[in-house]
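Trainee: The structure follows.
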Amino acid sequence: MADETEKKYITNEDLRKHNKSGDLWIAIQGKVYDVSDWIKSHPGGDTVILNLVGQDVTDAFIAFHPGTAWNHLGNLFTGYHIRDFEVSEVSRDYRRMAAEFRKLGLFENKGHVTLYTLAFVAAMFAGVLYGVLACTSVFAHQIAAALLGLLWIQSAYIGHDSGHYVIMSNKSYNRFAQLLSGNCLTGISIAWWKWTHNAHHLACNSLDYDPDLQHIPVFAVSTKFFNSITSRFYDRKLTFDPLARFLVSYQHFTYYPVMCFGRINLFVQTFLLLFSKRHVPDRALNFAGILVFWTWFPLLVSCLPSWPERFFFVFTSFTVTALQHIQFTLNHFAADVYVGPPTGNDWFEKQAAGTLDISCRSYMDWFFGGLQFQLEHHLFPRLPRCHLRKVAPVVQELCKKHNLPYRSLSWWEANVWTIRTLKKAAFQARDAANPVVKNLVWEALNTHG
């Protein structure tokens with residue numbers, strides 16, 4: 001075994017210099033790896049690596065990868081170690097927690113959630129077909145529309161789970177589950193989901209790196225958007241022009257109506273990615289799955305007897321699915337935000353600051369898909385949702401130990417917090433539009449502090 005003095009060392013300052021295309025280095029547990037070439041074949045895409053190059057990424061690596069991933073690091077090792085390698089107490093506790101969960105087999109024991117959800121989705125799809133094809137009453141058609149909305153919610157959870165870890169017996173079946181639940185049933189590309197969702201997890205609530213907060217001109221959760229910041233994810237300026245100022249000024253009123261049509265934006269984003277020039281894994285399969293959706297869904301709607309019924313069928317199904325869009329925003333809109341890239345040395349802290357949990361009874365876990373435990377999911381994205389409720393008290397204790405936020409709100413409270421956040425930014429947008437004579441509503445609401 002080589003003597004300690006024979007090891008080659010670089011400093012963290014040296015590591016930070018290797019952050020350009022063709023020269024991409026990262027550190028994991030004090031050892032330095034060159035990912036310049038390997039980034040092209042990274043299963044999680046290049047964005048997550050590019051956002052963390054030139055620094056230690058141990059906690060993020062632990063969060064996103066199975067134990068077998070460690071076996072592949074040897075081929076990327078540069079031979080260098082970090083001389084000034086230090087681990088914070090928070091990171092030490094986080095890594096101990098992850099190791100303990102692994103010893104308990106929590107990452108491998110997936111329960112029967114996937115089987116139950118797939119059976120539920122199949123039953124709902126049969127119910128939708130029966131309601132549209134075998135029933136003639138408007139009421140039955142509306143029930144079928146609501147059922148379709150619920151089907152889209154549950155199918156999205158399957159796609160979400162399968163994107164984070166293998167929910168089926170092998171990777172091939174898992175890939176099929178992704179395309180079926182995402183592209184074929186919901187019309188949303190799993191490739192688009194992976195691209196944006198991995199970036200969201202890594203840069204949780206970074207205004208310029210997290211795509212899930214970048215909704216200009218419709219929404220702005222922070223006044224920092226008023227400065228027309230540049231999205232590092234989309235690589236374009238988020239211009240806060242007069243139209244954006246007007247829309248944001250009333251965003252606390254438009255929030256719920258916009259959520260009812262949120263699916264349209266997801267459809268658009270899917271097509272923008274699939275028709276873009278950027279590399280899209282399995283582009284042809286994604287197109288095929290989307291084609292399946294845009295075949296069966298219009299055909300189903302066309303079976304309804306009149307255009308008014310068709311319109312309200314689509315509207316009702318979209319409105320029911322809005323519950324999921326609302327849930328996703330409740331988990332983050334009212335949490336802490338920051339500007340700048342994610343960093344590897346405060347993984348736990350950033351996840352705790354950027355998330356809100358939704359408290360509910362255990363019998364409602366199916367409805368939220370496990371994502372009511374948002375902090376737990378962000379810390380351990382590969383942890384099957386059937387274990388999230390079990391680990392929540394442990395995560396809460398660790399947050400308490402290190403004086404970190406652990407916010408668990410009721411559905412109602414989370415809505416109140418989100419509307420309050422949107423209203424605050426809305427009033428400030430109005431005020432900025434007329435800096436001389438302040439908005440009267442703003443003055444009235446703030447007269448007594």
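A note on labels: chains of the structure tokens are A, B, ... as shown, every chain counts residues from 1, and ligands are counted from 1 in their shown order.
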At most 9 Å is the cut-off: for each residue in region 335-418 of chain A with any atom that close to an atom of region 82-105 of chain A, write down the nearest atom pair and the distance in Å rounded to one decimal, counting only C-alpha atoms, chain first then increasing number, as JSON lines.

Mentor:
```
{"residue": "A:Asn345", "atom": "CA", "partner": "A:Ser88", "partner_atom": "CA", "distance": 7.8}
{"residue": "A:Asp346", "atom": "CA", "partner": "A:Ser91", "partner_atom": "CA", "distance": 7.7}
{"residue": "A:Trp347", "atom": "CA", "partner": "A:Ser91", "partner_atom": "CA", "distance": 7.8}
{"residue": "A:Phe348", "atom": "CA", "partner": "A:Ser91", "partner_atom": "CA", "distance": 7.0}
{"residue": "A:Glu349", "atom": "CA", "partner": "A:Val90", "partner_atom": "CA", "distance": 8.1}
{"residue": "A:Leu379", "atom": "CA", "partner": "A:Tyr94", "partner_atom": "CA", "distance": 8.6}
{"residue": "A:Phe380", "atom": "CA", "partner": "A:Ala98", "partner_atom": "CA", "distance": 7.9}
{"residue": "A:Leu383", "atom": "CA", "partner": "A:Phe101", "partner_atom": "CA", "distance": 9.0}
{"residue": "A:Val391", "atom": "CA", "partner": "A:Phe101", "partner_atom": "CA", "distance": 8.7}
{"residue": "A:Val394", "atom": "CA", "partner": "A:Met97", "partner_atom": "CA", "distance": 8.5}
{"residue": "A:Val395", "atom": "CA", "partner": "A:Met97", "partner_atom": "CA", "distance": 8.7}
{"residue": "A:Leu398", "atom": "CA", "partner": "A:Asp93", "partner_atom": "CA", "distance": 7.7}
{"residue": "A:Cys399", "atom": "CA", "partner": "A:Val90", "partner_atom": "CA", "distance": 9.0}
{"residue": "A:His402", "atom": "CA", "partner": "A:Val90", "partner_atom": "CA", "distance": 6.9}
```

Trainee: Next, write the just-selected residues to a file, as an mmCIF file, in the first residue's frame, keeping N, CA and C atoms as the atom set.

Mentor:
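Output (selection-v8.cif):
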```cif
data_model
loop_
_atom_site.group_PDB
_atom_site.id
_atom_site.type_symbol
_atom_site.label_atom_id
_atom_site.label_comp_id
_atom_site.auth_asym_id
_atom_site.auth_seq_id
_atom_site.Cartn_x
_atom_site.Cartn_y
_atom_site.Cartn_z
ATOM 1 N N ASN A 345 -20.941 21.860 -0.569
ATOM 2 C CA ASN A 345 -20.618 21.757 0.854
ATOM 3 C C ASN A 345 -21.782 22.122 1.777
ATOM 4 N N ASP A 346 -22.955 22.385 1.215
ATOM 5 C CA ASP A 346 -24.111 22.699 2.065
ATOM 6 C C ASP A 346 -25.369 22.036 1.505
ATOM 7 N N TRP A 347 -25.216 20.809 1.055
ATOM 8 C CA TRP A 347 -26.316 20.072 0.427
ATOM 9 C C TRP A 347 -27.539 19.993 1.327
ATOM 10 N N PHE A 348 -27.360 19.511 2.544
ATOM 11 C CA PHE A 348 -28.477 19.334 3.469
ATOM 12 C C PHE A 348 -29.123 20.692 3.767
ATOM 13 N N GLU A 349 -28.293 21.697 4.003
ATOM 14 C CA GLU A 349 -28.820 23.006 4.378
ATOM 15 C C GLU A 349 -29.685 23.606 3.274
ATOM 16 N N LEU A 379 -33.702 14.991 0.135
ATOM 17 C CA LEU A 379 -32.487 14.464 0.749
ATOM 18 C C LEU A 379 -32.174 13.059 0.250
ATOM 19 N N PHE A 380 -33.223 12.288 0.015
ATOM 20 C CA PHE A 380 -33.049 10.894 -0.416
ATOM 21 C C PHE A 380 -33.978 10.612 -1.599
ATOM 22 N N LEU A 383 -35.099 7.051 -2.323
ATOM 23 C CA LEU A 383 -35.819 6.310 -1.289
ATOM 24 C C LEU A 383 -37.260 6.083 -1.728
ATOM 25 N N VAL A 391 -39.030 7.749 7.803
ATOM 26 C CA VAL A 391 -37.769 8.454 8.045
ATOM 27 C C VAL A 391 -37.989 9.914 8.423
ATOM 28 N N VAL A 394 -36.721 11.099 11.851
ATOM 29 C CA VAL A 394 -35.261 11.113 11.926
ATOM 30 C C VAL A 394 -34.716 12.378 11.267
ATOM 31 N N VAL A 395 -35.269 12.729 10.115
ATOM 32 C CA VAL A 395 -34.859 13.947 9.420
ATOM 33 C C VAL A 395 -35.193 15.174 10.260
ATOM 34 N N LEU A 398 -32.670 15.633 13.010
ATOM 35 C CA LEU A 398 -31.387 16.133 12.518
ATOM 36 C C LEU A 398 -31.473 17.625 12.226
ATOM 37 N N CYS A 399 -32.593 18.066 11.678
ATOM 38 C CA CYS A 399 -32.788 19.503 11.450
ATOM 39 C C CYS A 399 -32.778 20.265 12.772
ATOM 40 N N HIS A 402 -29.205 20.656 14.241
ATOM 41 C CA HIS A 402 -28.334 21.637 13.581
ATOM 42 C C HIS A 402 -29.038 22.974 13.337
#
```

Trainee: How close does region 286-376 of chain A get to region 210-216 of chain A? List, as a Markdown table, each residue of region 286-376 of chain A within 10 Å, its nearest atom pair and the distance in Å to one decimal, counting only C-alpha atoms.

Mentor:
```
| residue | atom | partner | partner_atom | distance |
| --- | --- | --- | --- | --- |
| A:Phe328 | CA | A:Asp212 | CA | 9.0 |
| A:Thr329 | CA | A:Asp212 | CA | 8.4 |
| A:His332 | CA | A:Leu213 | CA | 8.2 |
| A:Phe333 | CA | A:Leu213 | CA | 7.4 |
| A:Val337 | CA | A:Leu213 | CA | 9.3 |
| A:Val339 | CA | A:Asp210 | CA | 9.7 |
| A:Gly340 | CA | A:Asp210 | CA | 9.8 |
| A:Pro341 | CA | A:Asp210 | CA | 9.1 |
| A:Pro342 | CA | A:Asp210 | CA | 9.4 |
```

Trainee: Keeping N, CA, C and O atoms, export the residues of the selection given above as a PDB file, in the first residue's frame.

Mentor:
```pdb
ATOM      1  N   PHE A 328     -47.060  20.858  -6.225  1.00  0.00           N
ATOM      2  CA  PHE A 328     -45.650  21.056  -6.550  1.00  0.00           C
ATOM      3  C   PHE A 328     -45.183  22.460  -6.172  1.00  0.00           C
ATOM      4  O   PHE A 328     -44.067  22.642  -5.676  1.00  0.00           O
ATOM      5  N   THR A 329     -46.029  23.451  -6.413  1.00  0.00           N
ATOM      6  CA  THR A 329     -45.643  24.820  -6.087  1.00  0.00           C
ATOM      7  C   THR A 329     -45.711  25.084  -4.581  1.00  0.00           C
ATOM      8  O   THR A 329     -44.904  25.850  -4.051  1.00  0.00           O
ATOM      9  N   HIS A 332     -42.493  24.592  -2.687  1.00  0.00           N
ATOM     10  CA  HIS A 332     -41.298  25.412  -2.899  1.00  0.00           C
ATOM     11  C   HIS A 332     -41.532  26.923  -2.973  1.00  0.00           C
ATOM     12  O   HIS A 332     -40.636  27.686  -2.608  1.00  0.00           O
ATOM     13  N   PHE A 333     -42.673  27.372  -3.450  1.00  0.00           N
ATOM     14  CA  PHE A 333     -42.861  28.803  -3.694  1.00  0.00           C
ATOM     15  C   PHE A 333     -42.645  29.655  -2.445  1.00  0.00           C
ATOM     16  O   PHE A 333     -42.114  30.758  -2.527  1.00  0.00           O
ATOM     17  N   VAL A 337     -35.280  31.211  -0.922  1.00  0.00           N
ATOM     18  CA  VAL A 337     -34.677  31.216  -2.254  1.00  0.00           C
ATOM     19  C   VAL A 337     -33.302  31.870  -2.181  1.00  0.00           C
ATOM     20  O   VAL A 337     -32.971  32.566  -1.216  1.00  0.00           O
ATOM     21  N   VAL A 339     -29.811  33.263  -5.028  1.00  0.00           N
ATOM     22  CA  VAL A 339     -29.309  33.472  -6.381  1.00  0.00           C
ATOM     23  C   VAL A 339     -27.901  32.898  -6.466  1.00  0.00           C
ATOM     24  O   VAL A 339     -27.084  33.098  -5.567  1.00  0.00           O
ATOM     25  N   GLY A 340     -27.636  32.164  -7.549  1.00  0.00           N
ATOM     26  CA  GLY A 340     -26.310  31.595  -7.730  1.00  0.00           C
ATOM     27  C   GLY A 340     -26.369  30.096  -7.907  1.00  0.00           C
ATOM     28  O   GLY A 340     -27.429  29.469  -7.768  1.00  0.00           O
ATOM     29  N   PRO A 341     -25.230  29.501  -8.229  1.00  0.00           N
ATOM     30  CA  PRO A 341     -25.188  28.053  -8.457  1.00  0.00           C
ATOM     31  C   PRO A 341     -25.270  27.273  -7.158  1.00  0.00           C
ATOM     32  O   PRO A 341     -24.958  27.813  -6.078  1.00  0.00           O
ATOM     33  N   PRO A 342     -25.673  26.019  -7.216  1.00  0.00           N
ATOM     34  CA  PRO A 342     -25.654  25.178  -6.010  1.00  0.00           C
ATOM     35  C   PRO A 342     -24.203  24.902  -5.612  1.00  0.00           C
ATOM     36  O   PRO A 342     -23.294  24.972  -6.441  1.00  0.00           O
TER      37      PRO A 342
END
```

Trainee: Excluding Leu375 (chain A) and residues on its chain fewer than 3 positions from it, collect all residues at most 9 Å away from it, counting only C-alpha atoms, and give them as a ChimeraX atom specification.

Mentor: /A:331,351-357,371-372,378-380,392,395,406-407

Trainee: Write the residues you've just listed into a file as a tab-separated table (two decimals), in the first residue's frame, and include all heavy atoms for each of them.

Mentor:
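Output saved as out00.tsv:
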```
chain	number	residue	atom	x	y	z
A	331	ASN	N	-44.81	23.15	-2.32
A	331	ASN	CA	-43.59	22.59	-1.73
A	331	ASN	C	-42.40	23.53	-1.81
A	331	ASN	O	-41.40	23.33	-1.11
A	331	ASN	CB	-43.21	21.27	-2.41
A	331	ASN	CG	-44.15	20.13	-2.06
A	331	ASN	OD1	-44.51	19.33	-2.92
A	331	ASN	ND2	-44.55	20.04	-0.81
A	351	GLN	N	-31.30	22.02	0.86
A	351	GLN	CA	-32.54	21.25	0.69
A	351	GLN	C	-33.55	21.60	1.80
A	351	GLN	O	-34.75	21.71	1.54
A	351	GLN	CB	-32.24	19.75	0.69
A	351	GLN	CG	-31.23	19.30	-0.34
A	351	GLN	CD	-31.62	19.63	-1.76
A	351	GLN	OE1	-32.80	19.59	-2.11
A	351	GLN	NE2	-30.64	19.95	-2.58
A	352	ALA	N	-33.05	21.76	3.01
A	352	ALA	CA	-33.94	22.10	4.12
A	352	ALA	C	-34.54	23.50	3.94
A	352	ALA	O	-35.72	23.73	4.23
A	352	ALA	CB	-33.18	22.02	5.45
A	353	ALA	N	-33.73	24.42	3.46
A	353	ALA	CA	-34.19	25.80	3.29
A	353	ALA	C	-35.19	25.93	2.14
A	353	ALA	O	-36.10	26.76	2.19
A	353	ALA	CB	-33.00	26.72	3.07
A	354	GLY	N	-35.04	25.11	1.09
A	354	GLY	CA	-35.83	25.29	-0.12
A	354	GLY	C	-37.07	24.44	-0.24
A	354	GLY	O	-37.70	24.42	-1.30
A	355	THR	N	-37.46	23.74	0.85
A	355	THR	CA	-38.62	22.85	0.76
A	355	THR	C	-39.62	23.09	1.89
A	355	THR	O	-39.26	23.57	2.98
A	355	THR	CB	-38.17	21.37	0.82
A	355	THR	OG1	-37.40	21.17	2.00
A	355	THR	CG2	-37.33	21.01	-0.39
A	356	LEU	N	-40.86	22.72	1.62
A	356	LEU	CA	-41.92	22.71	2.63
A	356	LEU	C	-42.63	21.37	2.55
A	356	LEU	O	-43.00	20.91	1.46
A	356	LEU	CB	-42.95	23.82	2.37
A	356	LEU	CG	-42.50	25.28	2.50
A	356	LEU	CD1	-43.64	26.20	2.08
A	356	LEU	CD2	-42.09	25.59	3.92
A	357	ASP	N	-42.83	20.73	3.68
A	357	ASP	CA	-43.61	19.49	3.73
A	357	ASP	C	-45.10	19.82	3.89
A	357	ASP	O	-45.46	20.87	4.43
A	357	ASP	CB	-43.16	18.60	4.89
A	357	ASP	CG	-41.88	17.85	4.59
A	357	ASP	OD1	-41.23	18.18	3.58
A	357	ASP	OD2	-41.54	16.94	5.37
A	371	LEU	N	-44.85	12.92	-2.11
A	371	LEU	CA	-44.17	14.21	-2.25
A	371	LEU	C	-44.59	15.23	-1.20
A	371	LEU	O	-44.07	16.35	-1.19
A	371	LEU	CB	-44.42	14.77	-3.66
A	371	LEU	CG	-43.85	13.90	-4.78
A	371	LEU	CD1	-44.08	14.55	-6.13
A	371	LEU	CD2	-42.38	13.61	-4.57
A	372	GLN	N	-45.55	14.84	-0.33
A	372	GLN	CA	-45.82	15.71	0.82
A	372	GLN	C	-44.62	15.73	1.75
A	372	GLN	O	-44.44	16.69	2.51
A	372	GLN	CB	-47.09	15.26	1.55
A	372	GLN	CG	-46.97	13.99	2.37
A	372	GLN	CD	-47.20	12.73	1.57
A	372	GLN	OE1	-46.91	12.69	0.38
A	372	GLN	NE2	-47.74	11.70	2.20
A	378	HIS	N	-36.16	15.15	-1.15
A	378	HIS	CA	-35.01	15.87	-1.70
A	378	HIS	C	-33.69	15.36	-1.11
A	378	HIS	O	-32.68	15.32	-1.81
A	378	HIS	CB	-35.16	17.37	-1.46
A	378	HIS	CG	-35.80	18.09	-2.60
A	378	HIS	ND1	-35.10	18.90	-3.46
A	378	HIS	CD2	-37.08	18.11	-3.04
A	378	HIS	CE1	-35.92	19.38	-4.38
A	378	HIS	NE2	-37.14	18.92	-4.13
A	379	LEU	N	-33.70	14.99	0.14
A	379	LEU	CA	-32.49	14.46	0.75
A	379	LEU	C	-32.17	13.06	0.25
A	379	LEU	O	-31.01	12.69	0.07
A	379	LEU	CB	-32.63	14.44	2.27
A	379	LEU	CG	-32.69	15.80	2.97
A	379	LEU	CD1	-32.98	15.61	4.45
A	379	LEU	CD2	-31.39	16.57	2.77
A	380	PHE	N	-33.22	12.29	0.02
A	380	PHE	CA	-33.05	10.89	-0.42
A	380	PHE	C	-33.98	10.61	-1.60
A	380	PHE	O	-34.97	9.90	-1.47
A	380	PHE	CB	-33.35	9.94	0.74
A	380	PHE	CG	-32.57	10.23	1.99
A	380	PHE	CD1	-33.16	10.88	3.06
A	380	PHE	CD2	-31.24	9.86	2.09
A	380	PHE	CE1	-32.45	11.16	4.21
A	380	PHE	CE2	-30.51	10.13	3.23
A	380	PHE	CZ	-31.11	10.78	4.30
A	392	ALA	N	-39.20	10.43	8.27
A	392	ALA	CA	-39.47	11.84	8.55
A	392	ALA	C	-39.06	12.25	9.96
A	392	ALA	O	-38.42	13.30	10.13
A	392	ALA	CB	-40.94	12.16	8.28
A	395	VAL	N	-35.27	12.73	10.11
A	395	VAL	CA	-34.86	13.95	9.42
A	395	VAL	C	-35.19	15.17	10.26
A	395	VAL	O	-34.39	16.11	10.38
A	395	VAL	CB	-35.54	14.04	8.04
A	395	VAL	CG1	-35.26	15.39	7.39
A	395	VAL	CG2	-35.07	12.90	7.13
A	406	TYR	N	-37.35	22.93	9.50
A	406	TYR	CA	-38.15	21.76	9.11
A	406	TYR	C	-39.59	22.22	9.19
A	406	TYR	O	-40.17	22.33	10.27
A	406	TYR	CB	-37.91	20.57	10.03
A	406	TYR	CG	-38.67	19.32	9.60
A	406	TYR	CD1	-38.09	18.39	8.74
A	406	TYR	CD2	-39.97	19.08	10.03
A	406	TYR	CE1	-38.77	17.26	8.32
A	406	TYR	CE2	-40.67	17.95	9.61
A	406	TYR	CZ	-40.06	17.05	8.77
A	406	TYR	OH	-40.75	15.93	8.35
A	407	ARG	N	-40.17	22.52	8.03
A	407	ARG	CA	-41.51	23.12	7.99
A	407	ARG	C	-42.50	22.11	7.43
A	407	ARG	O	-42.37	21.67	6.28
A	407	ARG	CB	-41.47	24.38	7.11
A	407	ARG	CG	-40.64	25.50	7.72
A	407	ARG	CD	-40.23	26.54	6.70
A	407	ARG	NE	-39.27	26.04	5.74
A	407	ARG	CZ	-38.42	26.81	5.05
A	407	ARG	NH1	-38.42	28.11	5.24
A	407	ARG	NH2	-37.58	26.28	4.19
```

Trainee: I'd like to know which of A:Pro393, A:Pro405, A:Gly74, A:Pro66 is closest to Asp34 (chain A), using only C-alpha atoms.

Mentor: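 So, comparing all the options, the nearest one is A:Gly74.
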
Trainee: Mind checking which residues fall within 7 Å of Leu202 (chain A), counting only C-alpha atoms, ignoring those fewer than 2 positions away in the same chain, and posting them as an MDAnalysis selection string?

Mentor: chainID A and resid 48 198:200 204 342

Trainee: According to DSSP computed on the backbone, where in region 181-355 of chain A is there helix (DSSP H, G or I)? Give the residues as a PyMOL selection string.

Mentor: chain A and resi 181-186+190-202+211-213+223-227+242-249+251-260+262-274+283-302+307-330+344-353

Trainee: Considering only C-alpha atoms, can you say which of A:Ala144, A:Ala69, A:Leu52, A:Ile39 comes closest to Ala203 (chain A)?

Mentor: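 Smallest distance to Ala203 (chain A) is found for A:Leu52.
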
Trainee: Contacts of Asp23 (chain A) at 12 Å or less, counting only C-alpha atoms, minus same-chain residues fewer than 6 places along, as a PyMOL selection string?

Mentor: chain A and resi 15-17+33-39+50+53-54+78

Trainee: Would you list the contacts of region 409-415 of chain A as a PyMOL selection string, taking every protein, DNA or RNA residue within 12 Å and counting only C-alpha atoms, but skipping same-chain residues closer than 4 positions in sequence?

Mentor: chain A and resi 252+255-256+323+326-335+355-361+364+368+372-374+419-423
